[in-house]
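Just my_file-v1.pdb here, PDB, C-alpha atoms:
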```pdb
ATOM      1  CA  ARG A 892     -13.228  32.583  -7.297
ATOM      2  CA  PHE A 893     -10.580  29.978  -6.863
ATOM      3  CA  LEU A 894      -7.640  30.581  -4.518
ATOM      4  CA  SER A 895      -4.872  27.943  -4.516
ATOM      5  CA  PRO A 896      -4.567  26.398  -1.026
ATOM      6  CA  GLU A 897      -0.818  27.011  -0.812
ATOM      7  CA  PHE A 898      -1.326  30.790  -0.604
ATOM      8  CA  ILE A 899      -3.129  30.553   2.727
ATOM      9  CA  PRO A 900      -0.498  30.798   5.500
ATOM     10  CA  PRO A 901      -0.623  28.094   8.191
ATOM     11  CA  ARG A 902      -1.668  28.937  11.725
ATOM     12  CA  GLY A 903       1.309  29.954  13.796
ATOM     13  CA  ARG A 904       3.352  32.726  15.303
ATOM     14  CA  THR A 905       5.768  33.393  12.438
ATOM     15  CA  ASP A 906       6.128  36.891  11.055
ATOM     16  CA  PRO A 907       3.654  37.514   8.220
ATOM     17  CA  LEU A 908       6.514  39.249   6.392
ATOM     18  CA  LYS A 909       7.923  35.822   5.545
ATOM     19  CA  TYR A 910       4.643  34.768   3.894
ATOM     20  CA  TYR A 911       4.406  38.104   2.083
ATOM     21  CA  ILE A 912       7.854  37.646   0.535
ATOM     22  CA  GLU A 913       7.002  34.044  -0.403
ATOM     23  CA  ARG A 914       3.778  35.151  -2.041
ATOM     24  CA  LYS A 915       5.663  37.734  -4.090
ATOM     25  CA  ASP A 916       7.971  34.989  -5.367
ATOM     26  CA  MET A 917       5.011  32.711  -6.097
ATOM     27  CA  ILE A 918       3.240  35.445  -8.069
ATOM     28  CA  GLN A 919       6.460  36.121  -9.982
ATOM     29  CA  ARG A 920       6.643  32.461 -10.982
ATOM     30  CA  ARG A 921       2.959  32.390 -11.939
ATOM     31  CA  LYS A 922       3.437  35.329 -14.279
ATOM     32  CA  VAL A 923       6.095  33.419 -16.175
ATOM     33  CA  PHE A 924       4.491  29.979 -16.090
ATOM     34  CA  ASN A 925       0.771  29.294 -16.004
ATOM     35  CA  ILE A 926      -0.304  26.998 -13.149
ATOM     36  CA  PRO A 927      -3.900  25.997 -13.905
ATOM     37  CA  GLU A 928      -6.605  25.689 -11.331
ATOM     38  CA  PHE A 929      -6.889  22.086 -10.216
ATOM     39  CA  TYR A 930      -8.252  20.089  -7.296
ATOM     40  CA  VAL A 931      -7.677  16.634  -5.869
ATOM     41  CA  GLY A 932      -9.180  14.118  -8.290
ATOM     42  CA  HIS A 933      -8.189  15.867 -11.512
ATOM     43  CA  VAL A 934      -6.214  13.968 -14.122
ATOM     44  CA  LEU A 935      -3.078  15.975 -15.007
ATOM     45  CA  ALA A 936      -0.220  15.587 -17.456
ATOM     46  CA  VAL A 937       3.072  17.120 -16.284
ATOM     47  CA  THR A 938       6.146  17.594 -18.498
ATOM     48  CA  THR A 939       9.397  18.108 -16.573
ATOM     49  CA  ALA A 940      12.932  18.800 -17.728
ATOM     50  CA  ASP A 941      15.474  16.104 -16.968
ATOM     51  CA  PRO A 942      19.089  15.834 -18.166
ATOM     52  CA  CYS A 943      19.082  12.031 -18.133
ATOM     53  CA  ALA A 944      15.966  11.569 -20.268
ATOM     54  CA  ARG A 945      15.968  11.198 -24.023
ATOM     55  CA  ASP A 946      14.758  14.548 -25.511
ATOM     56  CA  LYS A 947      15.638  16.102 -22.134
ATOM     57  CA  SER A 948      11.971  16.114 -21.023
ATOM     58  CA  LYS A 949       9.571  13.547 -19.644
ATOM     59  CA  ARG A 950       5.801  13.442 -19.410
ATOM     60  CA  PHE A 951       3.735  11.811 -16.677
ATOM     61  CA  VAL A 952      -0.050  11.460 -16.594
ATOM     62  CA  GLY A 953      -1.880  10.721 -13.369
ATOM     63  CA  ILE A 954      -4.694  11.499 -10.968
ATOM     64  CA  CYS A 955      -3.918  14.044  -8.247
ATOM     65  CA  ILE A 956      -4.189  12.254  -4.883
ATOM     66  CA  GLN A 957      -3.210  15.018  -2.517
ATOM     67  CA  ARG A 958      -1.971  18.586  -2.403
ATOM     68  CA  GLY A 959       0.359  19.384   0.463
ATOM     69  CA  GLY A 960       2.718  22.068   1.663
ATOM     70  CA  LYS A 961       2.320  25.826   1.837
ATOM     71  CA  GLY A 962       4.163  28.600   0.087
ATOM     72  CA  LEU A 963       6.895  27.820  -2.440
ATOM     73  CA  GLY A 964       7.235  24.211  -1.273
ATOM     74  CA  ALA A 965       3.700  23.303  -2.295
ATOM     75  CA  THR A 966       3.541  19.769  -3.709
ATOM     76  CA  PHE A 967       1.005  17.545  -5.377
ATOM     77  CA  VAL A 968       1.140  13.788  -5.809
ATOM     78  CA  LEU A 969       0.098  12.166  -9.105
ATOM     79  CA  ARG A 970      -0.736   8.481  -9.253
ATOM     80  CA  ASN A 971      -1.072   6.145 -12.230
ATOM     81  CA  VAL A 972      -0.865   2.412 -12.839
ATOM     82  CA  ILE A 973       1.501   1.555 -15.728
ATOM     83  CA  GLU A 974       1.878  -2.086 -16.810
ATOM     84  CA  ASP A 975       0.308  -3.372 -13.557
ATOM     85  CA  GLN A 976       2.733  -1.330 -11.468
ATOM     86  CA  GLY A 977       1.379   1.568  -9.411
ATOM     87  CA  VAL A 978       3.600   4.655  -9.649
ATOM     88  CA  GLU A 979       3.274   7.861  -7.641
ATOM     89  CA  ILE A 980       5.324  10.991  -8.213
ATOM     90  CA  CYS A 981       5.354  13.990  -5.878
ATOM     91  CA  TYR A 982       5.862  17.198  -7.883
ATOM     92  CA  GLU A 983       6.651  20.648  -6.528
ATOM     93  CA  LEU A 984       4.295  23.246  -8.049
ATOM     94  CA  TYR A 985       6.864  26.050  -8.168
ATOM     95  CA  SER A 986       9.862  24.018  -9.273
ATOM     96  CA  PRO A 987      11.636  25.528 -12.293
ATOM     97  CA  ARG A 988      12.062  22.011 -13.716
ATOM     98  CA  ILE A 989       8.376  21.773 -14.569
ATOM     99  CA  GLN A 990       7.781  22.851 -18.158
ATOM    100  CA  ALA A 991       4.034  22.357 -18.568
ATOM    101  CA  ILE A 992       0.981  21.267 -16.589
ATOM    102  CA  GLU A 993      -2.140  20.309 -18.548
ATOM    103  CA  VAL A 994      -5.447  19.415 -17.007
ATOM    104  CA  LEU A 995      -6.817  16.426 -18.918
ATOM    105  CA  LYS A 996      -9.959  15.683 -16.963
ATOM    106  CA  LEU A 997     -11.720  18.017 -14.576
ATOM    107  CA  GLU A 998     -13.586  16.403 -11.755
ATOM    108  CA  LYS A 999     -13.643  16.769  -8.026
ATOM    109  CA  ARG A1000     -14.079  13.758  -5.787
ATOM    110  CA  LEU A1001     -15.890  13.353  -2.494
ATOM    111  CA  ASP A1002     -12.679  13.591  -0.407
ATOM    112  CA  GLU A1003      -9.694  15.918  -0.091
ATOM    113  CA  ASN A1004      -7.205  13.058   0.140
ATOM    114  CA  LEU A1005      -7.344  10.095  -2.221
ATOM    115  CA  MET A1006      -4.585   8.067  -0.532
ATOM    116  CA  TYR A1007      -7.012   5.134  -0.302
ATOM    117  CA  LEU A1008      -6.528   4.569  -4.029
ATOM    118  CA  ARG A1009      -3.368   2.654  -3.062
ATOM    119  CA  ASP A1010      -5.561   0.006  -1.443
ATOM    120  CA  ALA A1011      -8.297   0.127  -4.055
ATOM    121  CA  LEU A1012      -8.475  -2.135  -7.093
ATOM    122  CA  PRO A1013      -5.947  -0.951  -9.711
ATOM    123  CA  GLU A1014      -8.631  -0.195 -12.296
ATOM    124  CA  TYR A1015      -9.565   2.978 -10.382
ATOM    125  CA  SER A1016      -6.044   4.404 -10.735
ATOM    126  CA  THR A1017      -5.326   3.513 -14.368
ATOM    127  CA  PHE A1018      -5.382   6.386 -16.818
ATOM    128  CA  ASP A1019      -4.345   6.249 -20.437
ATOM    129  CA  VAL A1020      -1.036   8.035 -21.044
ATOM    130  CA  ASN A1021      -2.194   9.345 -24.412
ATOM    131  CA  MET A1022      -5.547  10.577 -23.128
ATOM    132  CA  LYS A1023      -6.960  13.591 -24.967
ATOM    133  CA  PRO A1024      -7.971  16.527 -22.775
ATOM    134  CA  VAL A1025     -11.713  16.392 -22.119
ATOM    135  CA  PRO A1026     -13.244  19.706 -23.280
ATOM    136  CA  ARG A1027     -14.804  21.768 -20.523
ATOM    137  CA  MET A1028     -18.443  22.741 -20.960
ATOM    138  CA  ASP A1029     -19.277  25.540 -18.467
ATOM    139  CA  HIS A1030     -16.800  27.950 -17.076
ATOM    140  CA  GLU A1031     -18.471  27.873 -13.681
ATOM    141  CA  GLU A1032     -18.994  24.429 -12.161
ATOM    142  CA  ILE A1033     -16.523  21.624 -11.690
ATOM    143  CA  PRO A1034     -18.416  18.296 -11.624
ATOM    144  CA  VAL A1035     -18.154  16.214  -8.458
ATOM    145  CA  ASN A1036     -17.665  12.524  -9.171
ATOM    146  CA  LYS A1037     -19.579  10.565  -6.549
ATOM    147  CA  LEU A1038     -17.782   7.369  -7.401
ATOM    148  CA  GLN A1039     -17.675   4.760  -4.626
ATOM    149  CA  VAL A1040     -14.417   2.894  -4.974
ATOM    150  CA  ARG A1041     -14.133  -0.858  -4.309
ATOM    151  CA  MET A1042     -11.172  -1.946  -2.246
ATOM    152  CA  LYS A1043      -8.795  -4.876  -2.256
ATOM    153  CA  PRO A1044      -9.248  -7.293   0.663
ATOM    154  CA  LYS A1045      -7.861  -6.149   3.992
ATOM    155  CA  PRO A1046      -5.122  -5.504   5.330
ATOM    156  CA  TRP A1047      -4.876  -1.925   4.028
ATOM    157  CA  SER A1048      -2.040   0.537   4.603
ATOM    158  CA  LYS A1049      -4.303   2.659   6.823
ATOM    159  CA  ARG A1050      -7.602   1.697   8.461
ATOM    160  CA  TRP A1051      -9.754   3.753   6.138
ATOM    161  CA  GLU A1052     -13.029   2.776   7.815
ATOM    162  CA  ARG A1053     -12.142   4.771  10.942
ATOM    163  CA  PRO A1054     -13.946   8.119  11.346
ATOM    164  CA  LYS A1055     -10.610   9.988  11.734
ATOM    165  CA  TYR A1056     -10.100   9.854   7.956
ATOM    166  CA  ASN A1057     -13.748  10.689   7.244
ATOM    167  CA  ILE A1058     -13.762   9.072   3.816
ATOM    168  CA  LYS A1059     -16.958   9.124   1.822
ATOM    169  CA  GLY A1060     -15.665   7.734  -1.446
ATOM    170  CA  ILE A1061     -15.240   4.043  -0.536
ATOM    171  CA  LYS A1062     -17.860   1.331  -0.860
ATOM    172  CA  PHE A1063     -17.153  -0.547   2.352
ATOM    173  CA  GLU A1064     -18.057  -4.199   2.011
ATOM    174  CA  LEU A1065     -17.155  -4.953   5.617
ATOM    175  CA  PRO A1066     -19.645  -6.634   7.971
ATOM    176  CA  GLU A1067     -21.795  -4.398  10.185
ATOM    177  CA  HIS A1068     -20.068  -5.257  13.456
ATOM    178  CA  LYS A1069     -16.682  -4.132  12.020
ATOM    179  CA  MET A1070     -18.104  -0.776  10.944
ATOM    180  CA  LYS A1071     -19.604  -0.312  14.413
ATOM    181  CA  ALA A1072     -16.318  -1.298  16.078
ATOM    182  CA  ALA A1073     -14.511   1.309  13.967
ATOM    183  CA  GLN A1074     -16.836   4.031  15.298
ATOM    184  CA  LYS A1075     -15.293   3.437  18.769
ATOM    185  CA  TRP A1076     -12.396   5.641  17.651
ATOM    186  CA  SER A1077     -14.602   8.545  16.685
ATOM    187  CA  GLN A1078     -13.858  11.846  18.409
ATOM    188  CA  PRO A1079     -17.106  13.831  18.091
ATOM    189  CA  TRP A1080     -15.785  16.619  20.339
ATOM    190  CA  LEU A1081     -13.119  17.614  17.782
ATOM    191  CA  GLU A1082     -15.435  19.657  15.575
ATOM    192  CA  PHE A1083     -16.551  21.768  18.542
ATOM    193  CA  ASP A1084     -13.019  22.384  19.830
ATOM    194  CA  MET A1085     -12.550  26.155  19.815
ATOM    195  CA  LEU A1086      -8.781  26.152  20.112
ATOM    196  CA  ARG A1087      -8.490  24.292  16.810
ATOM    197  CA  GLU A1088     -10.578  26.819  14.891
ATOM    198  CA  TYR A1089      -8.782  28.626  12.072
ATOM    199  CA  ASP A1090     -10.972  31.127  10.329
ATOM    200  CA  THR A1091      -9.365  31.930   6.991
ATOM    201  CA  SER A1092     -12.080  34.089   5.395
ATOM    202  CA  LYS A1093     -10.476  37.485   6.158
ATOM    203  CA  ILE A1094      -6.964  36.264   5.326
ATOM    204  CA  GLU A1095      -8.288  34.838   2.050
ATOM    205  CA  GLU A1096      -9.924  38.127   1.077
ATOM    206  CA  LYS A1097      -6.705  40.052   1.661
ATOM    207  CA  ILE A1098      -4.700  37.538  -0.359
ATOM    208  CA  ARG A1099      -7.227  37.560  -3.209
ATOM    209  CA  LYS A1100      -6.985  41.358  -3.417
ATOM    210  CA  GLU A1101      -3.188  41.159  -3.419
ATOM    211  CA  LEU A1102      -3.208  38.485  -6.134
ATOM    212  CA  SER A1103      -5.621  40.318  -8.417
ATOM    213  CA  GLU A1104      -3.612  43.545  -8.063
ATOM    214  CA  GLU A1105      -0.275  41.872  -8.781
ATOM    215  CA  LEU A1106      -1.486  39.775 -11.704
ATOM    216  CA  GLU A1107      -3.020  42.783 -13.435
ATOM    217  CA  LYS A1108       0.303  44.643 -13.510
TER     218      LYS A1108
ATOM    219  CA  SER B 241       4.240  -7.612  -0.286
ATOM    220  CA  ILE B 242       4.321  -5.490   2.838
ATOM    221  CA  THR B 243       7.490  -4.610   4.729
ATOM    222  CA  GLY B 244       7.681  -3.248   8.267
ATOM    223  CA  ALA B 245       8.830   0.285   9.136
ATOM    224  CA  CYS B 246      11.657   0.770   6.616
ATOM    225  CA  ARG B 247       9.943   0.549   3.191
ATOM    226  CA  ALA B 248      13.299   0.761   1.426
ATOM    227  CA  ILE B 249      15.111  -2.555   0.898
ATOM    228  CA  GLN B 250      17.174  -4.118   3.681
ATOM    229  CA  LYS B 251      17.959  -7.659   4.858
ATOM    230  CA  LEU B 252      15.002 -10.054   4.827
ATOM    231  CA  THR B 253      12.693  -7.863   2.716
ATOM    232  CA  ARG B 254      10.580  -9.752   0.224
ATOM    233  CA  VAL B 255      11.097  -8.302  -3.253
ATOM    234  CA  ARG B 256       9.430  -8.672  -6.592
ATOM    235  CA  VAL B 257      11.577  -9.750  -9.536
ATOM    236  CA  VAL B 258      10.570  -7.720 -12.543
ATOM    237  CA  ASP B 259      12.417  -9.120 -15.583
ATOM    238  CA  ASN B 260      11.424 -12.136 -17.638
ATOM    239  CA  SER B 261      14.122 -14.551 -16.438
ATOM    240  CA  THR B 262      13.139 -18.139 -15.595
ATOM    241  CA  LEU B 263      14.599 -17.871 -12.078
ATOM    242  CA  GLY B 264      12.455 -14.867 -11.326
ATOM    243  CA  ASN B 265       9.205 -16.099 -12.799
ATOM    244  CA  THR B 266       8.930 -19.782 -11.875
ATOM    245  CA  PRO B 267       6.752 -20.151  -8.781
ATOM    246  CA  TYR B 268       8.327 -21.326  -5.536
ATOM    247  CA  HIS B 269       6.803 -21.806  -2.111
ATOM    248  CA  ARG B 270       8.967 -18.994  -0.640
ATOM    249  CA  PRO B 271       9.164 -15.455  -2.023
ATOM    250  CA  PRO B 272      12.604 -14.083  -3.040
ATOM    251  CA  LYS B 273      14.206 -12.325  -0.056
ATOM    252  CA  CYS B 274      17.139  -9.955   0.280
ATOM    253  CA  ILE B 275      20.033 -11.312   2.360
ATOM    254  CA  HIS B 276      22.651  -8.587   1.966
ATOM    255  CA  VAL B 277      22.826  -5.006   0.735
ATOM    256  CA  TYR B 278      26.100  -3.835  -0.853
ATOM    257  CA  ASN B 279      26.065  -0.469   0.811
ATOM    258  CA  LYS B 280      27.746   1.242   3.779
ATOM    259  CA  THR B 281      24.353   1.432   5.503
ATOM    260  CA  GLY B 282      22.283  -1.710   5.284
ATOM    261  CA  VAL B 283      19.484   0.153   3.485
ATOM    262  CA  GLY B 284      19.126  -0.201  -0.260
ATOM    263  CA  LYS B 285      17.672   2.508  -2.487
ATOM    264  CA  VAL B 286      17.228   2.683  -6.293
ATOM    265  CA  GLY B 287      20.473   1.748  -8.043
ATOM    266  CA  ASP B 288      21.982  -0.331  -5.222
ATOM    267  CA  LYS B 289      23.069  -3.944  -5.609
ATOM    268  CA  ILE B 290      21.736  -6.571  -3.231
ATOM    269  CA  LEU B 291      22.046 -10.329  -2.740
ATOM    270  CA  LEU B 292      18.835 -12.273  -3.169
ATOM    271  CA  ALA B 293      17.901 -15.762  -2.056
ATOM    272  CA  ILE B 294      15.704 -17.282  -4.805
ATOM    273  CA  LYS B 295      14.723 -20.954  -5.003
ATOM    274  CA  GLY B 296      17.521 -21.936  -2.691
ATOM    275  CA  GLU B 297      20.172 -20.063  -4.716
ATOM    276  CA  LYS B 298      22.038 -16.826  -4.097
ATOM    277  CA  LYS B 299      21.833 -14.247  -6.878
ATOM    278  CA  LYS B 300      22.860 -10.602  -7.130
ATOM    279  CA  ALA B 301      20.196  -8.095  -8.111
ATOM    280  CA  LEU B 302      19.721  -4.402  -8.818
ATOM    281  CA  ILE B 303      16.998  -2.364  -7.094
ATOM    282  CA  VAL B 304      14.839  -0.479  -9.570
ATOM    283  CA  GLY B 305      12.068   0.817  -7.344
ATOM    284  CA  HIS B 306      10.942   0.755  -3.762
ATOM    285  CA  LYS B 307       7.909   1.708  -1.698
ATOM    286  CA  MET B 308       9.748   4.399   0.253
ATOM    287  CA  PRO B 309       9.121   7.985  -0.864
ATOM    288  CA  GLY B 310      12.394   9.415  -2.163
ATOM    289  CA  PRO B 311      13.374  12.942  -3.259
ATOM    290  CA  THR B 312      10.568  14.935  -4.918
ATOM    291  CA  MET B 313      10.201  14.427  -8.677
ATOM    292  CA  THR B 314      11.338  10.797  -8.341
ATOM    293  CA  PRO B 315       8.746   8.041  -8.751
ATOM    294  CA  ARG B 316       7.592   5.874  -5.861
ATOM    295  CA  PHE B 317       6.434   2.391  -6.746
ATOM    296  CA  ASP B 318       3.776   0.258  -5.095
ATOM    297  CA  SER B 319       6.105  -2.740  -4.750
ATOM    298  CA  ASN B 320       9.826  -3.270  -4.200
ATOM    299  CA  ASN B 321      11.127  -4.061  -7.694
ATOM    300  CA  VAL B 322      14.380  -5.797  -8.471
ATOM    301  CA  VAL B 323      16.212  -6.992 -11.636
ATOM    302  CA  LEU B 324      18.395 -10.131 -11.463
ATOM    303  CA  ILE B 325      22.012  -9.514 -12.392
ATOM    304  CA  GLU B 326      25.293 -11.437 -12.723
ATOM    305  CA  ASP B 327      28.472 -10.536 -10.837
ATOM    306  CA  ASN B 328      29.823  -8.517 -13.759
ATOM    307  CA  GLY B 329      26.604  -6.534 -14.177
ATOM    308  CA  ASN B 330      24.948  -8.447 -17.034
ATOM    309  CA  PRO B 331      21.199  -8.894 -16.546
ATOM    310  CA  ILE B 332      19.897 -12.438 -16.697
ATOM    311  CA  GLY B 333      16.504 -11.674 -18.267
ATOM    312  CA  THR B 334      15.902 -10.286 -21.745
ATOM    313  CA  ARG B 335      13.082  -7.796 -21.205
ATOM    314  CA  ILE B 336      11.801  -5.546 -18.427
ATOM    315  CA  LYS B 337       8.158  -4.573 -18.818
ATOM    316  CA  THR B 338       7.600  -2.543 -15.653
ATOM    317  CA  PRO B 339       8.573   1.152 -15.660
ATOM    318  CA  ILE B 340      12.089   2.078 -14.492
ATOM    319  CA  PRO B 341      13.025   5.487 -13.052
ATOM    320  CA  TYR B 342      15.077   7.837 -15.236
ATOM    321  CA  THR B 343      17.586   8.362 -12.400
ATOM    322  CA  LEU B 344      19.311   5.089 -13.349
ATOM    323  CA  ARG B 345      20.267   6.709 -16.653
ATOM    324  CA  ARG B 346      22.769   8.861 -14.808
ATOM    325  CA  ARG B 347      24.954   5.805 -14.146
ATOM    326  CA  GLU B 348      25.048   4.669 -17.758
ATOM    327  CA  GLY B 349      28.500   3.109 -17.317
ATOM    328  CA  GLU B 350      27.453   0.424 -14.851
ATOM    329  CA  PHE B 351      23.826  -0.144 -15.865
ATOM    330  CA  SER B 352      23.907   0.307 -19.627
ATOM    331  CA  LYS B 353      22.930  -3.326 -20.283
ATOM    332  CA  VAL B 354      20.009  -3.217 -17.836
ATOM    333  CA  LEU B 355      18.788   0.054 -19.351
ATOM    334  CA  ALA B 356      19.068  -1.460 -22.820
ATOM    335  CA  ILE B 357      16.540  -4.214 -22.030
ATOM    336  CA  ALA B 358      14.132  -1.843 -20.245
ATOM    337  CA  ARG B 359      11.023  -0.856 -22.178
ATOM    338  CA  ASN B 360       9.242   1.846 -20.171
ATOM    339  CA  PHE B 361      10.816   4.712 -18.297
ATOM    340  CA  VAL B 362       9.072   6.870 -15.702
TER     341      VAL B 362
END
```
Rewrite the coordinates I just gave you, this time as structure tokens.
Amino acid sequence: RFLSPEFIPPRGRTDPLKYYIERKDMIQRRKVFNIPEFYVGHVLAVTTADPCARDKSKRFVGICIQRGGKGLGATFVLRNVIEDQGVEICYELYSPRIQAIEVLKLEKRLDENLMYLRDALPEYSTFDVNMKPVPRMDHEEIPVNKLQVRMKPKPWSKRWERPKYNIKGIKFELPEHKMKAAQKWSQPWLEFDMLREYDTSKIEEKIRKELSEELEK
Amino acid sequence: SITGACRAIQKLTRVRVVDNSTLGNTPYHRPPKCIHVYNKTGVGKVGDKILLAIKGEKKKALIVGHKMPGPTMTPRFDSNNVVLIEDNGNPIGTRIKTPIPYTLRRREGEFSKVLAIARNFV
């Protein structure tokens, strides 16, 4: 079953009591307001309350590029291109200003972080503001979109061809010698480093039990 | 255009003029650059006035969006956007197509005329 990534506490020496109290507050907020299950690559529409907007509320549609933060400060960044201008807004999941989150299109992408969409051609980030929600067929699988994105000519904001970012969703049209030169920065020993291991399976089970108990009350 | 480390608007940043004025849209061999920011710190954020050098002339302008990430829930644009303005606050162009953040609405007194010609809000 799906567990939102902000419930998993980060690795560290802080007292687990702090994370327990935060989780209680997060569950309290989820009881009042439904936060749907979503991953990076979904197209969402968020309505927030704002005193300086007409009708006091504003709606933004965009593709989720990244989900960051743990606990109550969990954020997600939505990106869209409106009138040839790329706009990104970072929303806090548990902010009381958010009035509704709707998932318009469900699809996972090949990467966890779609920041390279800033350097891709704008057609890959444009989504219609009045898009109708695509109806979901099965209640089990979320389709993975194996789209290979074409990029604008270099220079990019980050050197996405380097193995540190481990991006599979870009169609690199760079010459062979550049791709080989980028592999110089690969660190193949990182995946075997035992001090960096963080096994979350037991923590996740405990948190899932807690969640299911609290949400049934 | 790409700035260095700051990503908000300071002296010598190249900006993009967003309204439909002739000064902003006629091509010139040098991009419009900021020469002064009317702020205690030299860094301009959304809603600050700056001095631009366009086509060999000096013109005041209002910042409507920058590449620097601001407070959460505020939009971050992919280019540094600017609207040309007179000294008394009247915009020179007649229409602004690109989206403008809602935070400018808070200062309705100074920017009412700029907000009146704006089409999209984000």
- Item | Residue members of the PyMOL selection byres ((chain B and resi 338) around 9) in the file shown, as an NGL selection string | (:A and (973-976)) or (:B and (258-259 or 321 or 336-337 or 339-340 or 358-361))
- Message: With 12 Å as the limit and counting all atoms listed in the file, what residues in chain B lie close to chain A? Please list them as a PyMOL selection string.
- Response: chain B and resi 241-245+256+258+305-321+336-348+355+359-362
Evaluated on this file, the PyMOL selection byres ((chain B and resi 322) around 6) picks out some residues - which ones are they, written as a tab-separated table (two decimals) with C-alpha atoms, keeping the file's coordinate frame?
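The resulting file, expr.tsv, is reproduced below:
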```
chain	number	residue	atom	x	y	z
B	257	VAL	CA	11.58	-9.75	-9.54
B	258	VAL	CA	10.57	-7.72	-12.54
B	302	LEU	CA	19.72	-4.40	-8.82
B	303	ILE	CA	17.00	-2.36	-7.09
B	304	VAL	CA	14.84	-0.48	-9.57
B	321	ASN	CA	11.13	-4.06	-7.69
B	323	VAL	CA	16.21	-6.99	-11.64
```
- All residues 9 Å or closer to Val283 in chain B, all atoms listed in the file, same chain fewer than 6 positions away omitted, as a PyMOL selection string: chain B and resi 246+248-251+277
- Task: Record the distance separating CA of Thr253 in chain B and CA of Ile275 in chain B, expressed in Å with one decimal.
- Result: 8.1 Å
